[in-house]
file entry_29.txt (compact mmCIF, C-alpha atoms and all ligand atoms)
# COMPACT_ATOMS: atom_id res chain seq x y z
CA MET M 12 141.42 63.75 88.79
CA TYR M 13 143.67 62.34 91.42
CA ASP M 14 147.38 62.76 91.53
CA VAL M 15 148.37 59.07 91.39
CA GLN M 16 151.44 58.50 93.54
CA HIS M 17 151.44 54.70 93.70
CA ASN M 18 149.37 52.99 91.08
CA SER M 19 147.42 49.81 91.61
CA ARG M 20 145.51 47.36 89.52
CA GLY M 21 141.84 47.83 90.16
CA LEU M 22 140.23 50.78 91.87
CA VAL M 23 141.58 50.21 95.37
CA SER M 24 145.07 51.04 96.60
CA HIS M 25 147.16 48.01 97.60
CA GLY M 26 148.47 49.69 100.74
CA VAL M 27 145.32 50.34 102.79
CA SER M 28 145.83 50.49 106.53
CA ALA M 29 143.07 48.01 107.40
CA CYS M 30 144.40 45.38 109.85
CA ALA M 31 146.18 42.35 108.42
CA GLY M 32 143.54 39.80 107.50
CA CYS M 33 140.64 42.27 107.42
CA GLY M 34 137.53 40.77 105.82
CA MET M 35 136.20 44.22 104.90
CA GLU M 36 139.21 44.92 102.68
CA LEU M 37 138.51 41.78 100.65
CA ILE M 38 134.86 42.82 100.33
CA MET M 39 135.67 46.35 99.15
CA ARG M 40 137.95 45.05 96.41
CA ASN M 41 135.46 42.50 95.15
CA VAL M 42 132.56 44.95 95.23
CA LEU M 43 134.42 47.61 93.23
CA GLU M 44 135.71 45.01 90.80
CA VAL M 45 132.09 44.38 89.84
CA LEU M 46 130.81 47.96 90.00
CA GLY M 47 133.67 49.54 88.06
CA GLU M 48 134.74 53.16 87.94
CA ASP M 49 131.32 54.61 87.12
CA THR M 50 130.53 54.58 90.83
CA ILE M 51 130.25 57.19 93.56
CA ILE M 52 130.85 55.89 97.06
CA LEU M 53 129.44 57.16 100.36
CA ILE M 54 131.37 56.11 103.43
CA PRO M 55 130.54 56.95 107.03
CA PRO M 56 133.02 56.99 109.92
CA GLY M 57 134.09 53.45 110.80
CA CYS M 58 136.74 51.07 109.50
CA SER M 59 135.62 51.63 105.89
CA ALA M 60 136.76 55.25 106.27
CA LEU M 61 140.27 53.82 105.91
CA PHE M 62 139.44 53.78 102.20
CA SER M 63 138.44 57.45 102.22
CA GLY M 64 141.98 57.98 103.42
CA PHE M 65 143.72 60.49 105.62
CA GLY M 66 144.25 64.21 104.96
CA ASN M 67 144.50 64.78 101.23
CA GLU M 68 145.13 61.10 100.46
CA THR M 69 142.55 58.56 99.34
CA ALA M 70 142.80 54.81 98.74
CA LEU M 71 140.04 54.73 96.11
CA LYS M 72 140.20 55.85 92.49
CA ILE M 73 136.48 56.61 92.34
CA PRO M 74 134.82 59.78 93.62
CA GLY M 75 133.41 59.58 97.10
CA PHE M 76 132.09 61.47 100.04
CA GLN M 77 132.40 60.82 103.74
CA GLY M 78 129.30 61.84 105.65
CA ASN M 79 128.28 61.17 109.23
CA LEU M 80 127.63 57.90 110.95
CA GLU M 81 123.87 58.48 110.94
CA ASN M 82 123.24 59.68 107.39
CA THR M 83 125.04 57.47 104.86
CA ALA M 84 121.81 56.49 103.14
CA ALA M 85 120.54 60.08 103.12
CA CYS M 86 123.82 61.29 101.57
CA ALA M 87 123.50 58.58 98.94
CA ALA M 88 119.93 59.67 98.20
CA GLY M 89 121.19 63.23 97.74
CA VAL M 90 123.88 62.17 95.31
CA ARG M 91 121.32 60.10 93.41
CA ALA M 92 118.93 63.06 93.22
CA ALA M 93 121.71 65.28 91.86
CA LEU M 94 122.65 62.68 89.24
CA ASN M 95 118.99 62.29 88.28
CA ALA M 96 118.67 66.06 87.91
CA LYS M 97 121.56 65.93 85.46
CA GLY M 98 119.89 63.11 83.56
CA ASN M 99 122.57 60.64 84.64
CA LYS M 100 121.03 57.18 84.95
CA HIS M 101 124.24 55.18 84.60
CA THR M 102 126.36 56.01 87.65
CA THR M 103 126.04 53.60 90.57
CA VAL M 104 125.61 55.24 93.95
CA LEU M 105 127.13 52.96 96.56
CA ALA M 106 126.73 53.37 100.30
CA PHE M 107 129.30 51.27 102.16
CA ALA M 108 128.64 51.28 105.88
CA GLY M 109 129.36 49.18 108.94
CA ASP M 110 126.81 47.48 111.15
CA GLY M 111 126.81 50.24 113.77
CA GLY M 112 126.33 52.86 111.06
CA THR M 113 123.51 50.77 109.60
CA VAL M 114 121.47 48.83 112.13
CA ASP M 115 121.79 51.34 114.97
CA ILE M 116 122.71 54.88 114.10
CA GLY M 117 121.81 55.06 110.40
CA ILE M 118 118.64 52.97 110.43
CA GLN M 119 116.25 55.92 109.99
CA SER M 120 117.96 57.34 106.93
CA LEU M 121 118.24 53.86 105.45
CA SER M 122 114.54 53.32 106.01
CA GLY M 123 113.87 56.61 104.21
CA VAL M 124 115.83 55.53 101.15
CA LEU M 125 114.09 52.17 101.04
CA GLU M 126 110.68 53.78 101.36
CA ARG M 127 111.34 56.45 98.70
CA ARG M 128 112.63 53.86 96.23
CA ASP M 129 115.85 55.80 95.62
CA LYS M 130 118.16 53.93 93.29
CA VAL M 131 120.97 53.36 95.75
CA LEU M 132 123.06 50.26 96.41
CA TYR M 133 123.46 50.00 100.16
CA ILE M 134 126.07 47.60 101.50
CA CYS M 135 126.33 46.85 105.18
CA TYR M 136 129.61 45.09 105.91
CA ASP M 137 128.87 43.47 109.22
CA ASN M 138 131.82 42.97 111.55
CA GLU M 139 129.33 42.65 114.39
CA ALA M 140 130.46 45.57 116.57
CA TYR M 141 131.71 49.17 116.55
CA MET M 142 135.25 48.18 115.64
CA ASN M 143 136.81 51.48 114.69
CA THR M 144 136.18 52.99 118.12
CA GLY M 145 137.43 49.96 120.06
CA ILE M 146 134.97 47.05 119.79
CA GLN M 147 131.76 48.25 121.42
CA ALA M 148 128.67 46.06 120.97
CA SER M 149 126.13 47.03 118.32
CA SER M 150 122.68 45.61 117.74
CA SER M 151 124.33 43.27 115.25
CA THR M 152 126.65 41.74 117.85
CA PRO M 153 125.58 38.11 118.27
CA TYR M 154 124.30 36.48 121.41
CA PHE M 155 127.07 35.78 123.94
CA ALA M 156 129.85 37.61 122.02
CA GLY M 157 132.24 39.51 124.25
CA THR M 158 132.98 43.16 123.41
CA THR M 159 134.33 46.00 125.55
CA THR M 160 130.74 46.96 126.44
CA THR M 161 129.59 43.36 126.89
CA PRO M 162 132.62 41.90 128.68
CA SER M 163 130.75 38.85 129.91
CA GLY M 164 129.00 38.26 126.58
CA LYS M 165 126.02 40.01 124.97
CA LYS M 166 122.78 39.08 126.64
CA THR M 167 120.53 39.51 123.60
CA GLY M 168 120.44 38.31 120.01
CA ARG M 169 120.95 40.44 116.92
CA LYS M 170 118.73 42.77 114.96
CA ASP M 171 117.63 41.33 111.62
CA LEU M 172 118.63 43.87 108.95
CA MET M 173 117.43 41.76 106.03
CA GLN M 174 113.92 41.39 107.39
CA ILE M 175 113.80 45.12 108.13
CA ALA M 176 114.72 45.83 104.50
CA ILE M 177 112.27 43.22 103.22
CA ALA M 178 109.52 44.81 105.30
CA HIS M 179 109.95 47.84 102.98
CA ASP M 180 109.42 45.41 100.08
CA ILE M 181 112.47 46.65 98.17
CA PRO M 182 113.26 45.08 94.79
CA TYR M 183 116.50 43.36 95.84
CA ALA M 184 118.11 42.37 99.13
CA ALA M 185 120.64 39.63 99.84
CA THR M 186 123.08 38.34 102.40
CA ALA M 187 126.57 37.37 101.31
CA SER M 188 129.82 35.99 102.68
CA ILE M 189 133.50 36.11 101.68
CA ASN M 190 133.38 32.34 101.91
CA ASN M 191 131.83 32.42 98.44
CA LEU M 192 133.20 35.38 96.48
CA ASN M 193 131.55 34.31 93.21
CA ASP M 194 128.15 34.35 94.87
CA LEU M 195 129.00 37.70 96.47
CA LYS M 196 129.99 39.23 93.12
CA LYS M 197 126.88 37.87 91.42
CA LYS M 198 124.78 39.57 94.07
CA VAL M 199 126.66 42.85 93.66
CA GLN M 200 125.91 42.72 89.94
CA LYS M 201 122.20 42.04 90.57
CA ALA M 202 122.07 44.89 93.07
CA LYS M 203 123.75 47.22 90.57
CA ASP M 204 121.20 46.29 87.91
CA THR M 205 118.24 46.83 90.23
CA ASP M 206 115.99 49.74 89.39
CA GLY M 207 115.43 51.03 92.89
CA PRO M 208 117.03 50.50 96.28
CA SER M 209 119.05 47.36 96.88
CA LEU M 210 120.68 46.09 100.03
CA LEU M 211 123.53 43.66 100.61
CA HIS M 212 124.27 42.44 104.11
CA ILE M 213 127.77 40.94 104.09
CA HIS M 214 129.26 38.93 106.92
CA THR M 215 132.69 40.41 107.68
CA PRO M 216 135.11 38.51 109.91
CA CYS M 217 137.38 40.90 111.80
CA PRO M 218 140.51 39.39 113.39
CA THR M 219 141.03 42.37 115.69
CA GLY M 220 137.54 42.55 117.12
CA TRP M 221 136.71 38.84 117.14
CA ARG M 222 140.17 37.94 118.39
CA TYR M 223 141.38 35.17 116.11
CA GLU M 224 144.46 34.63 113.95
CA PRO M 225 144.25 36.83 110.81
CA ALA M 226 144.93 33.83 108.55
CA LYS M 227 141.54 32.37 109.47
CA THR M 228 139.34 35.17 108.09
CA ILE M 229 137.85 33.18 105.20
CA GLU M 230 137.81 29.95 107.19
CA ILE M 231 135.73 31.68 109.87
CA ALA M 232 133.31 33.05 107.27
CA ARG M 233 132.93 29.51 105.95
CA ALA M 234 132.37 28.10 109.43
CA ALA M 235 129.68 30.73 110.11
CA VAL M 236 127.70 29.50 107.10
CA GLN M 237 128.26 25.81 107.86
CA THR M 238 127.21 26.11 111.50
CA GLY M 239 124.07 28.07 110.66
CA CYS M 240 125.29 31.34 112.18
CA TRP M 241 125.05 33.13 108.82
CA ILE M 242 122.31 32.28 106.33
CA LEU M 243 122.82 33.02 102.65
CA TYR M 244 119.63 34.09 100.92
CA GLU M 245 118.17 36.57 98.48
CA TYR M 246 114.93 38.48 98.26
CA GLU M 247 114.28 39.31 94.63
CA ALA M 248 111.07 40.81 93.26
CA GLY M 249 109.15 39.48 96.23
CA LYS M 250 110.58 35.97 96.09
CA VAL M 251 112.98 34.38 98.58
CA THR M 252 115.78 32.06 97.47
CA ILE M 253 117.90 30.27 100.04
CA ASN M 254 121.31 30.07 98.35
CA TYR M 255 123.02 27.52 100.48
CA ARG M 256 121.68 24.79 102.68
CA GLN M 257 123.60 22.61 105.00
CA LYS M 258 122.15 19.09 105.27
CA GLU M 259 123.29 18.98 108.82
CA LEU M 260 124.67 21.96 110.70
CA LYS M 261 128.23 21.63 111.92
CA PRO M 262 128.74 21.96 115.68
CA ILE M 263 128.94 25.58 116.77
CA GLU M 264 132.35 24.97 118.29
CA GLU M 265 133.81 24.93 114.75
CA TYR M 266 132.83 28.59 114.47
CA ILE M 267 133.19 30.04 117.95
CA GLY M 268 136.00 27.72 119.04
CA PHE M 269 138.84 29.85 117.74
CA GLN M 270 137.42 33.28 118.48
CA GLY M 271 138.57 35.11 121.59
CA ARG M 272 135.25 36.96 121.85
CA PHE M 273 133.61 33.66 122.78
CA GLY M 274 136.62 32.53 124.79
CA ASN M 275 135.33 32.94 128.34
CA LEU M 276 132.25 30.82 128.02
CA SER M 277 131.54 27.87 130.27
CA LYS M 278 130.51 24.46 128.96
CA GLU M 279 126.88 25.20 129.87
CA GLN M 280 126.95 28.53 128.04
CA LYS M 281 128.42 26.88 124.94
CA LYS M 282 125.61 24.36 125.03
CA GLU M 283 123.16 27.22 125.40
CA ILE M 284 124.57 28.92 122.27
CA GLN M 285 124.38 25.66 120.36
CA ASP M 286 120.72 25.22 121.28
CA TYR M 287 119.99 28.86 120.51
CA VAL M 288 121.64 28.78 117.07
CA THR M 289 120.01 25.48 116.06
CA LYS M 290 116.60 26.74 117.13
CA GLN M 291 117.06 30.12 115.42
CA TYR M 292 118.30 28.49 112.23
CA ASN M 293 115.41 26.07 111.95
CA LYS M 294 112.89 28.77 112.77
CA TYR M 295 114.45 31.12 110.22
CA ILE M 296 114.43 28.59 107.38
CA ILE M 297 110.76 27.84 108.03
CA LYS M 298 110.04 31.58 108.01
CA LEU M 299 111.91 32.09 104.72
CA GLU M 300 110.08 29.20 103.09
CA ALA M 301 106.76 30.57 104.26
CA MET M 302 107.52 33.93 102.62
CA ASN M 303 107.06 32.52 99.12
CA MET P 10 145.25 73.78 96.26
CA THR P 11 143.25 72.36 99.09
CA VAL P 12 141.77 74.89 101.45
CA MET P 13 140.44 73.45 104.65
CA GLN P 14 136.98 74.54 105.69
CA LYS P 15 136.99 77.21 108.39
CA GLN P 16 134.19 77.67 110.87
CA GLN P 17 132.38 80.92 110.43
CA GLU P 18 133.28 82.95 113.51
CA LYS P 19 131.10 86.02 113.17
CA HIS P 20 127.51 86.47 112.23
CA THR P 21 127.35 87.68 108.62
CA PRO P 22 124.76 90.42 108.22
CA LYS P 23 124.57 90.12 104.45
CA PRO P 24 124.51 86.80 102.59
CA GLN P 25 127.91 86.14 101.11
CA LYS P 26 129.32 83.51 98.79
CA PHE P 27 132.03 81.25 100.17
CA ARG P 28 134.18 78.98 98.13
CA VAL P 29 134.84 75.94 100.26
CA TYR P 30 137.13 73.22 99.00
CA GLY P 31 137.92 71.03 101.82
CA PRO P 32 138.85 68.74 103.35
CA VAL P 33 139.33 67.12 99.97
CA ALA P 34 141.51 64.23 98.85
CA THR P 35 143.56 64.99 95.78
CA VAL P 36 146.20 62.28 96.05
CA TYR P 37 145.72 58.58 95.33
CA GLY P 38 148.24 57.02 97.64
CA SER P 39 149.34 53.77 99.20
CA SER P 40 150.74 53.11 102.66
CA ASN P 41 153.84 51.01 103.07
CA THR P 42 151.89 48.16 104.65
CA GLY P 43 154.67 45.69 103.77
CA SER P 44 156.55 47.12 106.75
CA TRP P 45 153.94 45.58 109.10
CA ARG P 46 154.89 42.05 108.16
CA ILE P 47 156.10 39.70 110.88
CA LEU P 48 155.37 36.45 109.06
CA CYS P 49 156.16 36.13 105.37
CA PRO P 50 154.42 33.82 102.87
CA LYS P 51 156.84 31.45 101.17
CA VAL P 52 155.65 29.34 98.25
CA ASP P 53 156.81 25.84 97.40
CA TYR P 54 156.64 26.33 93.62
CA GLU P 55 157.10 22.61 92.93
CA ALA P 56 153.94 21.75 94.84
CA CYS P 57 151.86 24.67 93.53
CA ILE P 58 149.04 23.67 91.17
CA LYS P 59 148.57 27.27 89.94
CA CYS P 60 144.91 27.34 90.90
CA GLY P 61 144.83 31.04 91.85
CA THR P 62 142.97 30.55 95.14
CA CYS P 63 145.64 32.51 97.01
CA ALA P 64 145.35 35.43 94.59
CA ARG P 65 141.56 35.56 94.96
CA SER P 66 141.78 35.36 98.75
CA CYS P 67 144.40 38.03 99.36
CA PRO P 68 142.76 41.12 100.92
CA ALA P 69 145.48 43.34 99.44
CA ASN P 70 145.11 41.92 95.89
CA ILE P 71 148.87 41.65 95.40
CA ILE P 72 149.35 38.09 94.18
CA ASP P 73 149.98 37.27 90.53
CA ILE P 74 149.94 33.75 89.11
CA ILE P 75 152.31 33.57 86.16
CA LYS P 76 151.89 30.06 84.84
CA GLU P 77 154.80 29.99 82.40
CA GLN P 78 157.29 31.09 85.04
CA SER P 79 158.98 28.59 87.38
CA GLU P 80 158.42 30.94 90.33
CA CYS P 81 154.76 30.99 89.37
CA VAL P 82 153.33 32.85 92.40
CA VAL P 83 154.51 36.44 92.58
CA ILE P 84 153.72 38.49 95.69
CA ASP P 85 154.23 42.24 95.96
CA PHE P 86 156.08 42.50 99.26
CA ASP P 87 155.80 46.29 99.35
CA TYR P 88 152.22 45.72 100.50
CA CYS P 89 152.00 42.14 101.87
CA LYS P 90 150.91 42.44 105.52
CA GLY P 91 151.74 38.83 106.24
CA CYS P 92 148.17 37.96 107.26
CA GLY P 93 148.53 34.35 106.12
CA ILE P 94 145.12 34.04 104.45
CA CYS P 95 146.79 32.87 101.21
CA ALA P 96 148.55 30.07 103.11
CA ASN P 97 145.41 29.11 104.99
CA GLU P 98 143.26 28.92 101.84
CA CYS P 99 145.76 27.18 99.51
CA PRO P 100 144.17 23.80 98.70
CA VAL P 101 147.52 21.96 98.55
CA LYS P 102 149.03 23.85 101.49
CA CYS P 103 152.12 24.83 99.54
CA ILE P 104 152.48 28.25 101.19
CA SER P 105 154.16 28.42 104.57
CA MET P 106 154.43 31.46 106.78
CA VAL P 107 158.02 32.00 107.86
CA VAL P 108 159.19 34.39 110.55
CA GLU P 109 160.61 37.50 108.96
CA ARG P 110 161.34 39.38 112.17
CA GLY P 111 160.63 38.69 115.80
C1 LIG R 401 126.78 59.96 115.84
C2 LIG R 401 128.13 59.39 116.05
N1 LIG R 401 128.38 58.65 117.15
C3 LIG R 401 129.59 58.11 117.35
C4 LIG R 401 130.60 58.31 116.44
C5 LIG R 401 131.96 57.71 116.69
N2 LIG R 401 132.26 56.61 115.82
C6 LIG R 401 133.04 56.74 114.74
S1 LIG R 401 133.32 55.32 113.91
C7 LIG R 401 132.36 54.47 115.00
C8 LIG R 401 132.19 52.97 114.85
C9 LIG R 401 131.28 52.60 113.74
O1 LIG R 401 130.97 51.23 113.80
P1 LIG R 401 130.49 50.47 112.52
O2 LIG R 401 129.53 51.28 111.77
O3 LIG R 401 130.05 49.11 112.93
O4 LIG R 401 131.81 50.36 111.62
P2 LIG R 401 133.17 49.59 112.00
O5 LIG R 401 134.05 50.57 112.69
O6 LIG R 401 132.84 48.42 112.84
O7 LIG R 401 133.75 49.20 110.68
C10 LIG R 401 131.83 55.31 115.99
C11 LIG R 401 131.00 54.88 117.11
C12 LIG R 401 130.32 59.10 115.31
N3 LIG R 401 131.25 59.33 114.37
N4 LIG R 401 129.09 59.64 115.13
S1 LIG R 402 139.18 46.40 113.20
FE1 LIG R 402 138.37 44.71 112.02
S2 LIG R 402 137.10 45.61 110.40
FE2 LIG R 402 138.40 47.23 111.26
S3 LIG R 402 140.19 47.28 109.90
FE3 LIG R 402 140.68 45.92 111.62
S4 LIG R 402 140.12 43.86 110.92
FE4 LIG R 402 139.13 45.34 109.55
S1 LIG R 403 146.57 28.64 96.20
FE1 LIG R 403 148.41 27.36 96.43
S2 LIG R 403 148.31 25.95 94.72
FE2 LIG R 403 146.87 27.61 94.24
S3 LIG R 403 148.10 29.06 93.06
FE3 LIG R 403 148.23 29.71 95.18
S4 LIG R 403 150.08 28.73 95.96
FE4 LIG R 403 149.55 27.68 94.07
S1 LIG R 404 150.06 37.04 103.59
FE1 LIG R 404 148.10 38.15 103.33
S2 LIG R 404 148.68 40.09 102.38
FE2 LIG R 404 150.44 38.70 102.12
S3 LIG R 404 150.10 37.77 100.12
FE3 LIG R 404 149.20 36.37 101.65
S4 LIG R 404 147.04 36.98 101.74
FE4 LIG R 404 148.14 38.67 100.73
MG MG R 405 131.07 47.31 112.76
call {"tool": "encode", "arguments": {"input": "entry_29.txt", "output": "structure tokens"}}
result
Amino acid sequence: MYDVQHNSRGLVSHGVSACAGCGMELIMRNVLEVLGEDTIILIPPGCSALFSGFGNETALKIPGFQGNLENTAACAAGVRAALNAKGNKHTTVLAFAGDGGTVDIGIQSLSGVLERRDKVLYICYDNEAYMNTGIQASSSTPYFAGTTTTPSGKKTGRKDLMQIAIAHDIPYAATASINNLNDLKKKVQKAKDTDGPSLLHIHTPCPTGWRYEPAKTIEIARAAVQTGCWILYEYEAGKVTINYRQKELKPIEEYIGFQGRFGNLSKEQKKEIQDYVTKQYNKYIIKLEAMN
Amino acid sequence: MTVMQKQQEKHTPKPQKFRVYGPVATVYGSSNTGSWRILCPKVDYEACIKCGTCARSCPANIIDIIKEQSECVVIDFDYCKGCGICANECPVKCISMVVERG
């Protein structure tokens, strides 16, 4: 039991030292609202460690464990195995890791969990770089985005976490966005109810790393979906559902226009991103449709 | 009592049991994030349609909509970081961000 010094409604402390306007904070609250207190959380180093807390303080009312950047999924599998050994089938084991901790450093242990069919809910909140250590590019950083390690813009596209998970043919995988919290919560519930591994890949605007006004966090998430930079879809029992389709994509400028990480691009480069995103989007939709 | 884990310094010839407790969190706390605020959300209660969008959008989860009260949007300023998401998402734009300190 925790010694509660400042109470809160819900399972997350109100005074968490995530930056003002942090998309991840909104995600954590909505995820735990659905999962409830019968949950054990695994958090690696990264911004989400702000919820593990400092010293003897935590910002979460549920039990948790902070492992290493490379083994979140393996730690979760261990907790699941221990619960199984005790005959506990009800507790949700939640891994909550950043993009760096997922698509780069933790990809092997995640692959192990997906292959072994461990009943673990793995959430990758994707702020598209290594934010907690000062905005270094990860393999989830999008094409042309500026970071401290890609000062003139990243020269390659991003790794596709969803398709990697789907290649393991897991029972449930979905992308989500804070632009639609009801859809996000529905997906968390489905993932919780899945008998086996489930994965949620959640787009996570980050005012500090993407360099925009904190007030625009949800607006940016919305723009990402409407411009085709983030595609909402689910993979459920082998079937793909595209959750949201834009009749016509909005111009990319409505997404990248107010982000400092895309600020130094020339007119030609902006046109190049537009062409790249449109092409990728159309190709991706065709691919998803062909999967059924 | 929380005992921090110590590195084993010497080779132990015989297996021994160690009781390791830490580092362990025992306190559920809250930082005074309200002190970060530079801009402060101010609600025009007359214009508010009590839709709750601001409450659902607040990353700190500190907005209450109390419909029967004239000041129907209640914000916990101990924790409001002044991010402005509530103001940005409000469908009738009845929240303005006012400078609290420069
Ligand atoms: C193996 C290893 N390499 C590097 C680090 C240092 N480190 C701590 S947090 C972090 C950033 C993690 O990025 P991400 O997973 O994307 O989470 P974010 O900080 O963006 O929320 C890094 C590189 C580490 N803890 N372990
Ligand atoms: S750096 Fe980004 S993800 Fe990390 S706490 Fe700040 S806003 Fe959130
Ligand atoms: S979003 Fe605006 S209109 Fe809706 S409850 Fe909040 S202040 Fe009122
Ligand atoms: S300014 Fe930000 S932290 Fe303060 S009430 Fe509005 S959304 Fe919440
Ligand atoms: Mg990251």
call {"tool": "atom_distance", "arguments": {"input": "entry_29.txt", "atom1": "atom CA of M:Thr159", "atom2": "atom C1 of ligand LIG 401 (chain R)"}}
result
18.6 Å
call {"tool": "closest_residue", "arguments": {"input": "entry_29.txt", "among": "M:Ile73, M:Leu121, M:Ile177, M:Ala88", "to": "M:Glu44", "atoms": "all atoms listed in the file"}}
result
M:Ile73
call {"tool": "atom_distance", "arguments": {"input": "entry_29.txt", "atom1": "atom CA of M:Leu71", "atom2": "atom CA of M:Ser24"}}
result
6.3 Å
call {"tool": "axis_aligned_box", "arguments": {"input": "entry_29.txt", "around": "ligand LIG 404 (chain R)", "padding_each_side": "3 Å", "output": "lines of an AutoDock Vina configuration file"}}
result
center_x = 148.7
center_y = 38.2
center_z = 101.9
size_x = 9.4
size_y = 9.7
size_z = 9.5
call {"tool": "residues_around", "arguments": {"input": "entry_29.txt", "residues": "M:Ile51", "least_positions_apart": "6", "cutoff": "6 Å", "atoms": "all atoms listed in the file", "output": "list in words"}}
result
Pro74, Gly75 and Val104 of chain M
call {"tool": "closest_residue", "arguments": {"input": "entry_29.txt", "among": "P:Ile58, P:Ile71, P:Val101, P:Cys92", "to": "ligand LIG 402 (chain R)", "atoms": "only C-alpha atoms and all ligand atoms"}}
result
P:Cys92
call {"tool": "residues_near_ligand", "arguments": {"input": "entry_29.txt", "ligand": "ligand LIG 403 (chain R)", "cutoff": "10 Å", "atoms": "all atoms listed in the file", "output": "ChimeraX atom specification"}}
result
/P:50-66,72-76,81-83,94-105
call {"tool": "decode", "arguments": {"input": "entry_29.txt", "residues": "stretch 44-57 of chain M", "atoms": "C-alpha atoms", "output": "CSV table (one decimal), in the first residue's frame"}}
result
chain,number,residue,atom,x,y,z
M,44,GLU,CA,-9.1,4.8,-16.8
M,45,VAL,CA,-10.1,1.8,-18.9
M,46,LEU,CA,-7.7,-0.8,-17.4
M,47,GLY,CA,-8.5,0.0,-13.8
M,48,GLU,CA,-6.6,-0.9,-10.7
M,49,ASP,CA,-6.2,-4.6,-11.4
M,50,THR,CA,-3.2,-3.7,-13.5
M,51,ILE,CA,0.6,-4.1,-13.2
M,52,ILE,CA,2.6,-1.6,-15.2
M,53,LEU,CA,6.1,-2.0,-16.7
M,54,ILE,CA,7.8,1.2,-17.6
M,55,PRO,CA,11.3,1.5,-19.2
M,56,PRO,CA,13.5,4.6,-19.0
M,57,GLY,CA,12.0,7.5,-21.1
